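**Q** File work27.tsv follows (TSV, C-alpha atoms):
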```
chain	number	residue	atom	x	y	z
A	23	MET	CA	-36.99	16.58	-12.90
A	24	ARG	CA	-34.77	13.85	-14.31
A	25	GLN	CA	-33.36	14.30	-17.78
A	26	ILE	CA	-34.15	11.48	-20.20
A	27	PHE	CA	-32.91	10.99	-23.74
A	28	ARG	CA	-34.14	8.10	-25.85
A	29	ALA	CA	-33.43	7.03	-29.38
A	30	THR	CA	-35.82	4.85	-30.82
A	31	LEU	CA	-21.91	-9.76	-32.36
A	32	ALA	CA	-19.59	-12.17	-32.21
A	33	ILE	CA	-19.76	-15.72	-30.76
A	34	CYS	CA	-19.41	-16.29	-27.02
A	35	PHE	CA	-16.73	-18.52	-25.59
A	36	LEU	CA	-16.02	-20.49	-22.41
A	37	CYS	CA	-17.88	-23.38	-20.88
A	38	CYS	CA	-19.10	-23.44	-17.32
A	39	VAL	CA	-20.40	-25.95	-14.82
A	40	CYS	CA	-22.69	-25.18	-11.89
A	41	ILE	CA	-22.36	-26.33	-8.32
A	42	ALA	CA	-25.25	-24.92	-6.28
A	43	SER	CA	-25.52	-24.62	-2.51
A	44	ALA	CA	-28.54	-24.61	-0.23
A	45	ARG	CA	-31.34	-22.16	-0.95
A	46	GLN	CA	-33.00	-19.85	1.51
A	47	PRO	CA	-36.48	-18.35	1.24
A	48	GLU	CA	-36.83	-14.59	0.83
A	49	SER	CA	-39.79	-12.26	0.44
A	50	GLY	CA	-40.87	-12.60	-3.18
A	51	PHE	CA	-37.69	-14.35	-4.31
A	52	ARG	CA	-35.19	-16.98	-3.28
A	53	SER	CA	-31.40	-16.77	-3.08
A	54	GLU	CA	-28.99	-19.47	-4.15
A	55	ASN	CA	-25.22	-19.51	-3.72
A	56	VAL	CA	-23.58	-20.79	-6.90
A	57	LEU	CA	-20.15	-21.79	-8.15
A	58	PHE	CA	-19.25	-21.96	-11.83
A	59	TYR	CA	-16.12	-22.27	-13.96
A	60	GLY	CA	-14.56	-20.37	-16.82
A	61	GLN	CA	-11.30	-19.59	-18.58
A	62	ASP	CA	-7.97	-20.80	-17.21
A	63	SER	CA	-9.83	-23.07	-14.75
A	64	LEU	CA	-10.94	-20.06	-12.72
A	65	HIS	CA	-13.96	-20.60	-10.54
A	66	TYR	CA	-16.44	-17.89	-9.66
A	67	ALA	CA	-18.66	-17.74	-6.60
A	68	GLY	CA	-21.83	-15.72	-6.49
A	69	THR	CA	-25.45	-15.40	-5.48
A	70	LEU	CA	-28.33	-15.96	-7.87
A	71	THR	CA	-31.64	-14.43	-6.82
A	72	LEU	CA	-34.67	-15.97	-8.50
A	73	PRO	CA	-38.28	-14.76	-8.45
A	74	ASP	CA	-40.75	-16.97	-6.60
A	75	ASN	CA	-43.10	-17.24	-9.55
A	76	PRO	CA	-42.58	-20.22	-11.87
A	77	GLY	CA	-41.35	-20.08	-15.45
A	78	ARG	CA	-38.25	-18.90	-17.28
A	79	HIS	CA	-37.14	-15.43	-16.22
A	80	THR	CA	-35.31	-12.49	-17.72
A	81	ALA	CA	-31.89	-12.34	-16.04
A	82	VAL	CA	-29.15	-9.80	-15.34
A	83	VAL	CA	-25.44	-10.28	-14.56
A	84	ILE	CA	-23.93	-7.48	-12.44
A	85	ALA	CA	-20.36	-6.34	-13.18
A	86	SER	CA	-18.46	-4.35	-10.56
A	87	GLY	CA	-16.24	-1.30	-10.91
A	88	THR	CA	-12.58	-0.67	-10.14
A	89	TYR	CA	-10.89	-2.36	-7.16
A	90	PRO	CA	-11.79	-5.82	-5.81
A	91	GLN	CA	-15.40	-6.05	-4.65
A	92	ASP	CA	-17.57	-8.75	-3.13
A	93	ARG	CA	-20.77	-9.97	-4.72
A	94	ASP	CA	-22.88	-7.52	-2.70
A	95	GLY	CA	-20.98	-4.49	-3.98
A	96	THR	CA	-20.09	-3.48	-0.43
A	97	MET	CA	-18.73	0.08	-0.49
A	98	ALA	CA	-18.54	2.36	2.56
A	99	GLY	CA	-21.14	0.21	4.31
A	100	HIS	CA	-23.59	0.18	1.39
A	101	LYS	CA	-24.39	-3.12	-0.37
A	102	ILE	CA	-25.55	-1.63	-3.64
A	103	PHE	CA	-25.48	-4.80	-5.78
A	104	LYS	CA	-27.49	-6.70	-3.17
A	105	GLU	CA	-30.05	-3.89	-3.11
A	106	ILE	CA	-30.33	-3.85	-6.90
A	107	ALA	CA	-30.56	-7.64	-7.14
A	108	GLU	CA	-33.23	-8.06	-4.49
A	109	TYR	CA	-35.31	-5.17	-5.82
A	110	LEU	CA	-35.35	-6.64	-9.32
A	111	SER	CA	-35.92	-10.24	-8.20
A	112	ARG	CA	-38.91	-9.26	-6.09
A	113	ARG	CA	-40.39	-7.92	-9.33
A	114	GLY	CA	-39.73	-10.95	-11.49
A	115	ILE	CA	-36.14	-10.57	-12.75
A	116	ALA	CA	-33.36	-13.04	-11.92
A	117	VAL	CA	-30.01	-11.48	-10.96
A	118	LEU	CA	-26.54	-13.01	-10.68
A	119	ARG	CA	-23.98	-11.08	-8.64
A	120	VAL	CA	-20.46	-12.49	-8.33
A	121	ASP	CA	-17.39	-12.07	-6.13
A	122	ASP	CA	-14.57	-10.46	-8.12
A	123	ARG	CA	-11.43	-12.48	-8.84
A	124	GLY	CA	-9.60	-13.25	-5.60
A	125	VAL	CA	-12.50	-12.03	-3.44
A	126	GLY	CA	-14.77	-14.17	-1.26
A	127	GLY	CA	-15.36	-17.53	-2.94
A	128	SER	CA	-13.84	-16.63	-6.33
A	129	ASP	CA	-10.24	-17.49	-7.11
A	130	GLY	CA	-7.74	-15.80	-9.40
A	131	ILE	CA	-5.57	-12.72	-8.88
A	132	TYR	CA	-7.49	-9.49	-9.37
A	133	GLU	CA	-4.37	-7.34	-9.75
A	134	ASP	CA	-3.18	-9.35	-12.77
A	135	ALA	CA	-6.40	-8.81	-14.74
A	136	THR	CA	-7.50	-6.05	-17.11
A	137	THR	CA	-10.92	-4.66	-18.04
A	138	ALA	CA	-10.90	-7.05	-21.00
A	139	ASP	CA	-10.38	-9.98	-18.62
A	140	PHE	CA	-13.31	-8.80	-16.51
A	141	ALA	CA	-15.41	-8.73	-19.70
A	142	GLY	CA	-14.53	-12.39	-20.12
A	143	ASP	CA	-15.77	-12.99	-16.58
A	144	VAL	CA	-19.11	-11.40	-17.48
A	145	ILE	CA	-19.41	-13.64	-20.55
A	146	THR	CA	-18.63	-16.67	-18.37
A	147	ALA	CA	-21.45	-15.63	-16.02
A	148	VAL	CA	-23.85	-15.24	-18.96
A	149	GLU	CA	-22.95	-18.69	-20.25
A	150	TYR	CA	-23.56	-20.09	-16.77
A	151	LEU	CA	-27.04	-18.54	-16.68
A	152	ARG	CA	-27.79	-20.18	-20.00
A	153	THR	CA	-27.43	-23.57	-18.28
A	154	ARG	CA	-30.17	-22.77	-15.76
A	155	LYS	CA	-33.67	-24.02	-16.48
A	156	GLU	CA	-35.17	-21.03	-14.61
A	157	ILE	CA	-33.62	-18.53	-17.05
A	158	ASP	CA	-34.92	-17.44	-20.44
A	159	ARG	CA	-31.81	-17.77	-22.58
A	160	ARG	CA	-33.15	-15.15	-25.01
A	161	ARG	CA	-33.38	-12.48	-22.30
A	162	ILE	CA	-30.05	-12.30	-20.46
A	163	GLY	CA	-28.41	-8.90	-20.01
A	164	ALA	CA	-25.42	-7.29	-18.31
A	165	LEU	CA	-25.52	-4.43	-15.79
A	166	GLY	CA	-22.24	-2.64	-15.15
A	167	HIS	CA	-21.40	-0.18	-12.38
A	168	SER	CA	-18.52	2.29	-12.80
A	169	GLU	CA	-15.71	0.51	-14.71
A	170	GLY	CA	-18.28	-2.26	-15.06
A	171	GLY	CA	-19.89	-0.09	-17.73
A	172	ALA	CA	-16.75	-0.52	-19.83
A	173	THR	CA	-16.54	-4.19	-18.88
A	174	CYS	CA	-20.08	-4.83	-20.07
A	175	SER	CA	-19.56	-2.78	-23.23
A	176	ILE	CA	-16.66	-5.03	-24.20
A	177	ALA	CA	-18.60	-8.16	-23.27
A	178	ALA	CA	-21.69	-7.08	-25.23
A	179	SER	CA	-19.58	-6.35	-28.31
A	180	GLU	CA	-18.18	-9.89	-28.22
A	181	CYS	CA	-21.06	-12.04	-27.03
A	182	LYS	CA	-24.29	-12.51	-28.97
A	183	ASP	CA	-25.93	-14.05	-25.90
A	184	ILE	CA	-25.98	-10.70	-24.08
A	185	ARG	CA	-29.34	-9.31	-25.21
A	186	PHE	CA	-29.39	-5.97	-23.35
A	187	LEU	CA	-26.98	-3.64	-21.59
A	188	ILE	CA	-27.49	-1.43	-18.53
A	189	SER	CA	-24.89	1.10	-17.40
A	190	VAL	CA	-25.34	2.28	-13.80
A	191	ALA	CA	-22.96	5.17	-13.08
A	192	GLY	CA	-21.02	3.31	-15.74
A	193	LEU	CA	-17.92	4.36	-17.63
A	194	MET	CA	-18.66	5.21	-21.26
A	195	THR	CA	-15.65	7.50	-21.76
A	196	ASP	CA	-12.14	6.70	-22.98
A	197	GLY	CA	-9.66	5.94	-20.22
A	198	LEU	CA	-7.50	9.05	-20.64
A	199	SER	CA	-10.41	11.50	-20.67
A	200	SER	CA	-12.09	9.74	-17.77
A	201	VAL	CA	-9.14	9.95	-15.38
A	202	ILE	CA	-8.53	13.60	-16.27
A	203	GLN	CA	-12.18	14.51	-15.70
A	204	GLN	CA	-12.47	12.38	-12.55
A	205	ASN	CA	-9.48	14.01	-10.89
A	206	LYS	CA	-10.62	17.51	-11.88
A	207	ASP	CA	-14.04	16.82	-10.36
A	208	ILE	CA	-12.55	15.39	-7.16
A	209	VAL	CA	-10.16	18.33	-6.73
A	210	ALA	CA	-12.91	20.86	-7.46
A	211	SER	CA	-15.32	19.29	-4.95
A	212	THR	CA	-12.84	18.74	-2.11
A	213	ASP	CA	-12.99	21.38	0.60
A	214	GLY	CA	-9.92	23.12	2.03
A	215	ILE	CA	-7.68	23.07	-1.05
A	216	PRO	CA	-6.25	26.51	-1.89
A	217	ASP	CA	-6.94	27.64	-5.45
A	218	ILE	CA	-3.25	27.61	-6.32
A	219	ASN	CA	-3.01	23.96	-5.27
A	220	ARG	CA	-6.12	23.03	-7.24
A	221	LYS	CA	-4.35	24.40	-10.30
A	222	ARG	CA	-1.17	22.48	-9.44
A	223	TYR	CA	-3.05	19.21	-8.97
A	224	ASP	CA	-4.86	19.60	-12.29
A	225	GLU	CA	-1.61	20.46	-14.05
A	226	ILE	CA	0.52	17.59	-12.78
A	227	ASN	CA	-2.32	15.09	-13.09
A	228	GLY	CA	-2.76	16.05	-16.75
A	229	ILE	CA	0.97	15.73	-17.41
A	230	MET	CA	1.21	12.31	-15.77
A	231	PHE	CA	-1.93	10.92	-17.40
A	232	HIS	CA	-0.86	12.00	-20.87
A	233	THR	CA	2.61	10.56	-20.33
A	234	ALA	CA	1.15	7.24	-19.16
A	235	TYR	CA	-1.09	7.20	-22.24
A	236	GLU	CA	1.83	7.91	-24.59
A	237	TYR	CA	4.06	5.18	-23.12
A	238	ALA	CA	1.40	2.62	-22.15
A	239	ASN	CA	2.64	0.12	-24.73
A	240	ALA	CA	6.31	0.47	-23.74
A	241	ASP	CA	8.10	-1.84	-21.32
A	242	SER	CA	7.89	-1.04	-17.59
A	243	THR	CA	11.39	0.44	-17.40
A	244	THR	CA	10.71	2.86	-20.26
A	245	LEU	CA	7.30	3.81	-18.91
A	246	SER	CA	8.64	4.39	-15.39
A	247	ALA	CA	11.52	6.49	-16.70
A	248	ALA	CA	9.17	8.62	-18.80
A	249	LEU	CA	6.86	9.24	-15.83
A	250	TYR	CA	9.70	10.22	-13.47
A	251	LYS	CA	11.23	12.47	-16.15
A	252	ALA	CA	7.89	14.22	-16.76
A	253	TYR	CA	7.41	14.69	-13.03
A	254	ASP	CA	10.94	16.00	-12.43
A	255	GLU	CA	10.57	18.56	-15.22
A	256	TRP	CA	7.24	19.75	-13.82
A	257	LYS	CA	8.63	19.80	-10.25
A	258	ALA	CA	11.54	22.06	-11.25
A	259	LYS	CA	9.13	24.59	-12.78
A	260	ASP	CA	6.73	24.27	-9.87
A	261	ASP	CA	9.50	24.86	-7.30
A	262	GLU	CA	10.52	28.01	-9.14
A	263	MET	CA	6.91	29.22	-9.21
A	264	ILE	CA	6.59	28.70	-5.44
A	265	ARG	CA	9.84	30.58	-4.76
A	266	GLU	CA	8.74	33.50	-6.88
A	267	SER	CA	5.29	33.63	-5.29
A	268	GLY	CA	6.77	33.79	-1.80
A	269	ILE	CA	4.61	30.95	-0.45
A	270	MET	CA	5.93	29.72	2.88
A	271	ASN	CA	5.48	26.21	4.31
A	272	ASP	CA	4.33	24.67	1.06
A	273	HIS	CA	2.68	21.31	1.86
A	274	PHE	CA	1.73	20.30	-1.68
A	275	ARG	CA	2.67	16.68	-2.36
A	276	TYR	CA	2.18	14.46	-5.39
A	277	PRO	CA	2.37	10.66	-4.81
A	278	ILE	CA	4.72	10.05	-7.73
A	279	TYR	CA	6.04	6.69	-6.52
A	280	MET	CA	2.54	5.29	-5.93
A	281	TYR	CA	1.36	6.58	-9.29
A	282	VAL	CA	4.26	4.95	-11.16
A	283	GLN	CA	3.49	1.64	-9.44
A	284	GLN	CA	-0.12	1.89	-10.58
A	285	ALA	CA	0.61	3.14	-14.08
A	286	THR	CA	2.95	0.24	-14.90
A	287	SER	CA	0.32	-2.40	-14.04
A	288	ASN	CA	-1.40	-4.39	-16.79
A	289	TRP	CA	-4.78	-3.04	-15.75
A	290	TYR	CA	-3.74	0.62	-15.98
A	291	ARG	CA	-1.98	0.18	-19.31
A	292	PHE	CA	-5.15	-1.26	-20.82
A	293	PHE	CA	-7.45	1.21	-19.11
A	294	ILE	CA	-5.61	4.42	-20.05
A	295	ARG	CA	-5.77	3.37	-23.74
A	296	TYR	CA	-9.35	2.08	-23.56
A	297	ASN	CA	-11.65	3.54	-26.23
A	298	PRO	CA	-15.37	2.74	-25.83
A	299	ALA	CA	-16.04	3.57	-29.48
A	300	ASP	CA	-14.15	0.41	-30.45
A	301	TYR	CA	-16.76	-1.69	-28.67
A	302	LEU	CA	-19.99	0.32	-28.54
A	303	SER	CA	-19.90	0.70	-32.33
A	304	LYS	CA	-20.69	-3.04	-32.45
A	305	VAL	CA	-23.50	-2.95	-29.87
A	306	LYS	CA	-26.99	-3.06	-31.39
A	307	ILE	CA	-28.98	-4.39	-28.44
A	308	PRO	CA	-31.21	-2.24	-26.16
A	309	VAL	CA	-29.12	0.00	-23.87
A	310	LEU	CA	-30.00	1.95	-20.72
A	311	ALA	CA	-27.56	4.36	-19.05
A	312	VAL	CA	-28.35	5.90	-15.65
A	313	ASN	CA	-26.03	8.42	-13.97
A	314	GLY	CA	-26.26	10.74	-10.99
A	315	THR	CA	-25.55	14.42	-11.52
A	316	ASN	CA	-23.45	14.62	-8.31
A	317	ASP	CA	-21.16	11.76	-9.33
A	318	VAL	CA	-17.53	12.95	-9.13
A	319	MET	CA	-16.10	9.53	-10.05
A	320	VAL	CA	-17.90	9.08	-13.39
A	321	ASN	CA	-18.99	12.43	-14.75
A	322	CYS	CA	-22.70	12.34	-15.58
A	323	SER	CA	-22.90	14.68	-18.57
A	324	GLN	CA	-19.65	13.46	-20.16
A	325	ASN	CA	-20.64	9.80	-20.02
A	326	LEU	CA	-24.27	10.16	-21.06
A	327	GLU	CA	-23.19	12.32	-24.00
A	328	ASN	CA	-20.80	9.56	-25.05
A	329	VAL	CA	-23.53	6.93	-24.79
A	330	ARG	CA	-25.60	8.91	-27.28
A	331	LYS	CA	-22.59	9.58	-29.53
A	332	TYR	CA	-21.09	6.09	-29.64
A	333	LEU	CA	-24.49	4.41	-29.92
A	334	SER	CA	-25.97	6.78	-32.50
A	335	HIS	CA	-26.41	3.77	-34.81
A	336	ASN	CA	-28.56	2.03	-32.18
A	337	ARG	CA	-32.30	2.69	-32.30
A	338	ASN	CA	-32.99	1.62	-28.72
A	339	VAL	CA	-30.91	3.73	-26.35
A	340	THR	CA	-32.16	5.47	-23.20
A	341	THR	CA	-30.10	7.82	-21.02
A	342	VAL	CA	-31.22	9.16	-17.65
A	343	ALA	CA	-29.58	11.88	-15.52
A	344	LEU	CA	-30.79	11.75	-11.92
A	345	PRO	CA	-30.28	14.99	-9.94
A	346	GLY	CA	-28.54	14.85	-6.56
A	347	LEU	CA	-27.25	11.27	-6.73
A	348	ASN	CA	-23.63	10.21	-6.29
A	349	HIS	CA	-21.57	7.36	-7.75
A	350	LEU	CA	-23.45	4.78	-5.65
A	351	LEU	CA	-26.82	6.25	-6.69
A	352	LEU	CA	-27.30	7.59	-3.17
A	353	PRO	CA	-28.73	11.03	-2.38
A	354	CYS	CA	-25.87	13.34	-1.39
A	355	LYS	CA	-24.62	16.90	-1.03
A	356	LYS	CA	-21.15	16.90	-2.62
A	357	GLY	CA	-20.80	13.46	-4.14
A	358	THR	CA	-17.24	12.91	-2.92
A	359	PRO	CA	-16.17	9.44	-1.69
A	360	ASP	CA	-15.56	10.70	1.87
A	361	GLU	CA	-19.31	11.37	2.07
A	362	TYR	CA	-20.43	7.81	1.24
A	363	ALA	CA	-20.19	6.35	4.74
A	364	LYS	CA	-22.14	9.26	6.23
A	365	ILE	CA	-25.19	8.54	4.06
A	366	SER	CA	-27.81	6.31	5.66
A	367	ALA	CA	-30.25	6.28	2.74
A	368	PRO	CA	-30.43	3.23	0.44
A	369	VAL	CA	-29.96	3.20	-3.32
A	370	SER	CA	-32.36	5.67	-4.93
A	371	ALA	CA	-35.84	4.17	-5.29
A	372	GLU	CA	-36.30	6.24	-8.45
A	373	ALA	CA	-33.15	4.78	-10.00
A	374	LEU	CA	-34.24	1.24	-9.15
A	375	GLU	CA	-37.71	1.80	-10.58
A	376	ILE	CA	-36.22	3.24	-13.81
A	377	ILE	CA	-34.05	0.15	-14.24
A	378	PHE	CA	-36.93	-2.24	-13.59
A	379	SER	CA	-39.44	-0.38	-15.76
A	380	TRP	CA	-36.98	-0.16	-18.64
A	381	ILE	CA	-36.35	-3.93	-18.51
A	382	GLU	CA	-40.07	-4.62	-18.28
A	383	GLU	CA	-40.85	-2.38	-21.27
A	384	ASN	CA	-37.92	-3.23	-23.54
A	385	ILE	CA	-37.08	-6.84	-22.67
A	386	GLY	CA	-40.07	-8.31	-20.86
A	387	LEU	CA	-40.26	-10.37	-17.66
```
Is it possible to give me this structure as structure tokens?

**A**
Amino acid sequence: MRQIFRATLAICFLCCVCIASARQPESGFRSENVLFYGQDSLHYAGTLTLPDNPGRHTAVVIASGTYPQDRDGTMAGHKIFKEIAEYLSRRGIAVLRVDDRGVGGSDGIYEDATTADFAGDVITAVEYLRTRKEIDRRRIGALGHSEGGATCSIAASECKDIRFLISVAGLMTDGLSSVIQQNKDIVASTDGIPDINRKRYDEINGIMFHTAYEYANADSTTLSAALYKAYDEWKAKDDEMIRESGIMNDHFRYPIYMYVQQATSNWYRFFIRYNPADYLSKVKIPVLAVNGTNDVMVNCSQNLENVRKYLSHNRNVTTVALPGLNHLLLPCKKGTPDEYAKISAPVSAEALEIIFSWIEENIGL
């Protein structure tokens, strides 16, 4: 039985221009490749799926999670955004899914952007949809997956033209807490790690994440030095612990160099200090949050609890916990990323129906 909880802006920016490509017929909807423009002369390429029936339609913009993704949301062989888009469009809802910066037909440099920049991309996509005669400008929403939940939260807090928000395995937790919880869940669910090493991973991860948080606003040299110092101090204590325990052939390794490279990036600096309360406190539109209980990347209970807490002022909030689903809303056993490619099932039909029914009931078609 799924768990359901329900409790009954500023001005947008950026102008955009559409260049549409040839259309192809589909079953119950049609697909159109589009190109539109936004801030800093960036252009975005995507696919707009439109229902076959005439009239102006409710529309959704999909926002991706961390790491560059194509418009279909291709992860471990699963095209989850394509599945979501086509399911909704067959039932009367238009959906725009877009290549991330620097991916496919979109330009820009993904690695130079932050979550706030991605929120600007979502707003650009919304403004593009407002130029389309097939779209009801009063019923355009944003659907965010993973980090896309944070992206859409920021966008919704800034843009009055976003009329509803859907978080799908979306991040609704502050950056520091989320990376701590995510790594604990991954370590706990990964087979073959001795208990002593699980404890070591959790310990050093916590130290590094808190250090990155503390020095996120410092220059790169200061931040790097603080991270290496924190690691060296932990390593000296850890080496002594291993000697005293008599463990032979210790193979524990922490990727300190790789972590420092990541932590000094603009994206990480913004993310580790991200606080959803700063944005969700301004969101008064209908909100749906759907998470799988086996998700080790975005913890289900932690994030749904935060949705209810940060949106306590909002009278139209629905949260749904779906048992046995992972971060991609696929049925799974463990929920770890190494399992994704082994799953042949599509995105949960129950999850898709919940999203559609919620839009139909709260927004209209």

**Q** Ranking A:Glu169, A:Glu225, A:Glu156, A:Glu105 by minimum distance to Phe140 (chain A) and counting only C-alpha atoms, which one comes first?

**A**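 Ranked by minimum distance to Phe140 (chain A), first place goes to A:Glu169.
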
**Q** Which residues, protein or nucleic acid, reach to within 10 Å of (-8.2, 10.1, -18.0) in the file's coordinates when using only C-alpha atoms, and can you give that as a ChimeraX atom specification?

**A** /A:195-206,227-228,230-232,234-235,293-296

**Q** Could you please give me, as an mmCIF file with C-alpha atoms, in the frame of the given file, the residues of protein, DNA or RNA lying at most 12 Å from (-35.3, -2.9, -25.4) in the coordinate frame of the file, considering all atoms listed in the file?

**A**
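What follows is the written file part_7.cif:
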```
data_model
loop_
_atom_site.group_PDB
_atom_site.id
_atom_site.type_symbol
_atom_site.label_atom_id
_atom_site.label_comp_id
_atom_site.auth_asym_id
_atom_site.auth_seq_id
_atom_site.Cartn_x
_atom_site.Cartn_y
_atom_site.Cartn_z
ATOM 1 C CA ARG A 28 -34.140 8.100 -25.850
ATOM 2 C CA ALA A 29 -33.430 7.030 -29.380
ATOM 3 C CA THR A 30 -35.820 4.850 -30.820
ATOM 4 C CA ARG A 161 -33.380 -12.480 -22.300
ATOM 5 C CA ILE A 162 -30.050 -12.300 -20.460
ATOM 6 C CA GLY A 163 -28.410 -8.900 -20.010
ATOM 7 C CA ARG A 185 -29.340 -9.310 -25.210
ATOM 8 C CA PHE A 186 -29.390 -5.970 -23.350
ATOM 9 C CA LEU A 187 -26.980 -3.640 -21.590
ATOM 10 C CA ILE A 188 -27.490 -1.430 -18.530
ATOM 11 C CA LYS A 306 -26.990 -3.060 -31.390
ATOM 12 C CA ILE A 307 -28.980 -4.390 -28.440
ATOM 13 C CA PRO A 308 -31.210 -2.240 -26.160
ATOM 14 C CA VAL A 309 -29.120 0.000 -23.870
ATOM 15 C CA LEU A 310 -30.000 1.950 -20.720
ATOM 16 C CA ASN A 336 -28.560 2.030 -32.180
ATOM 17 C CA ARG A 337 -32.300 2.690 -32.300
ATOM 18 C CA ASN A 338 -32.990 1.620 -28.720
ATOM 19 C CA VAL A 339 -30.910 3.730 -26.350
ATOM 20 C CA THR A 340 -32.160 5.470 -23.200
ATOM 21 C CA ILE A 377 -34.050 0.150 -14.240
ATOM 22 C CA PHE A 378 -36.930 -2.240 -13.590
ATOM 23 C CA SER A 379 -39.440 -0.380 -15.760
ATOM 24 C CA TRP A 380 -36.980 -0.160 -18.640
ATOM 25 C CA ILE A 381 -36.350 -3.930 -18.510
ATOM 26 C CA GLU A 382 -40.070 -4.620 -18.280
ATOM 27 C CA GLU A 383 -40.850 -2.380 -21.270
ATOM 28 C CA ASN A 384 -37.920 -3.230 -23.540
ATOM 29 C CA ILE A 385 -37.080 -6.840 -22.670
ATOM 30 C CA GLY A 386 -40.070 -8.310 -20.860
ATOM 31 C CA LEU A 387 -40.260 -10.370 -17.660
#
```

**Q** Could you tell me which of A:Asn239, A:Leu64, A:Glu149, A:Pro76 comes closest to Ser287 (chain A) if we count all atoms listed in the file?

**A**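 Checking each of A:Asn239, A:Leu64, A:Glu149, A:Pro76 against Ser287 (chain A), counting all atoms listed in the file, the winner is A:Asn239.
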
**Q** Smallest atom-to-atom distance to Glu361 (chain A): which of A:Cys181, A:Met263, A:Ala98, A:Ala252, using only C-alpha atoms?

**A** A:Ala98

**Q** Given 8 Å of margin on each side, can you work out the centre and size in Å (one decimal) of an axis-aligned box holding every listed atom of region 339-348 of chain A, as lines of an AutoDock Vina configuration file?

**A**
```
center_x = -27.9
center_y = 9.4
center_z = -16.3
size_x = 24.5
size_y = 27.3
size_z = 36.1
```

**Q** Of the candidates A:Arg222, A:Gln61, A:Arg119, A:Met194, which one gets nearest to Gly142 (chain A) if we count all atoms listed in the file?

**A**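 Closest residue, counting all atoms listed in the file: A:Gln61.
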
**Q** Pick out the closest residue to Asn219 (chain A) from this set: A:Glu327, A:Asp260, A:Glu133, A:Asp139. Count all atoms listed in the file.

**A**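 Of A:Glu327, A:Asp260, A:Glu133, A:Asp139, the one nearest Asn219 (chain A), counting all atoms listed in the file, is A:Asp260.
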
**Q** Check the smallest atom-to-atom distance from each of A:Thr173, A:Asn316, A:Thr286, A:Ser111 to Gly192 (chain A) using all atoms listed in the file, then report the winner.

**A**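 Looking at the shortest contact to Gly192 (chain A), the residue is A:Thr173.
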
**Q** Show which residues sit within 12 Å of Arg275 (chain A), as a PyMOL selection string. Count all atoms listed in the file, and ignore same-chain residues fewer than 2 positions away.

**A** chain A and resi 219-220+222-223+226-227+253+257+260-261+271-273+277-280

**Q** Any idea what the distance is between CA of Leu326 (chain A) and CA of Thr358 (chain A)?

**A**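 Rounded to one decimal, the two atoms are 19.6 Å apart.
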
**Q** One decimal, in Å: what's the spacing between CA of Glu180 (chain A) and CA of Asp62 (chain A)?

**A**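 Taking CA of Glu180 (chain A) and CA of Asp62 (chain A), their separation equals 18.6 Å.
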
**Q** Record the distance separating CA of Ser128 (chain A) and CA of Asn55 (chain A), expressed in Å with one decimal.

**A**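 Those two atoms sit 12.0 Å apart.
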